[in-house]
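Q: One structure follows; several queries about it will come next.
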Amino acid sequence: MRKFLCFLCATIMFGNIFAATVSTSKASYAVGEAIVVNYTGSTAAKDWIGVYTPPTTPAGYSIKWVYCNSGNTTSGATVRENGTVTFTTNLPVGTYDIYMCADDGSTVMAQTHFKVVPPTVAAFTASSK
């Protein structure tokens, strides 16, 4: 009972110590590059991650979304608390938001953003022989 009270007091004082997180593996991606998203803190089999164009939020339509536990739009039966999902959609240049949402709903658990930039053109030098 004492441990529970200590935990309860800590949660009240410092907030949810088990909060979900979501992050991309890079701050920006080239057009056509796969977007890699890392997440922690999934608590339900139908927690999901979606890509949005600002100012659209999970109350609106996503560009693409997947369940955390399966990495696609078909949920598995078990929770996968932490992991990585990859979006292979070909996004145009711009700024995008990633939302992790709870249990097939629009309650936001975590959020981040990233940019899509034009692909870098490799420098080419001609040599004469």
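We name chains A, B, ... following the order of the structure tokens; residues begin at 1 in each chain, and ligands are numbered from 1 as shown.
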When you look at Ala19 (chain A) with a cut-off of 10 Å (counting only C-alpha atoms), what residues show up, excluding the ones that are within fewer than 5 positions of it in the same chain? I need them as a list of chain:residue names.
A: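 Surrounding residues, per the criterion: A:Thr40, A:Gly41, A:Ser42, A:Met109, A:Ala110.
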Q: Taking 3 positions as the minimum chain separation for residues in the same chain, which residues sit within 7 Å of region 22-31 of chain A when counting only C-alpha atoms? Answer as an MDAnalysis selection string.
A: chainID A and resid 36:40 90:93 100 110:112 114:119
Q: One decimal, in Å: what's the spacing between CA of Ile63 (chain A) and CA of Thr78 (chain A)?
A: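 Taking CA of Ile63 (chain A) as the start and CA of Thr78 (chain A) as the end point, the length is 25.3 Å.
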Q: Region 49-55 of chain A: which residues within 7 Å, counting only C-alpha atoms, same-chain residues fewer than 5 positions away excluded, as a list of chain:residue names?
A: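 Answer for this query is A:Ser62, A:Ile63, A:Lys64, A:Trp65, A:Val66, A:Tyr67, A:Cys68, A:Thr95, A:Tyr96, A:Asp97, A:Ile98, A:Tyr99, A:Met100, A:Cys101.
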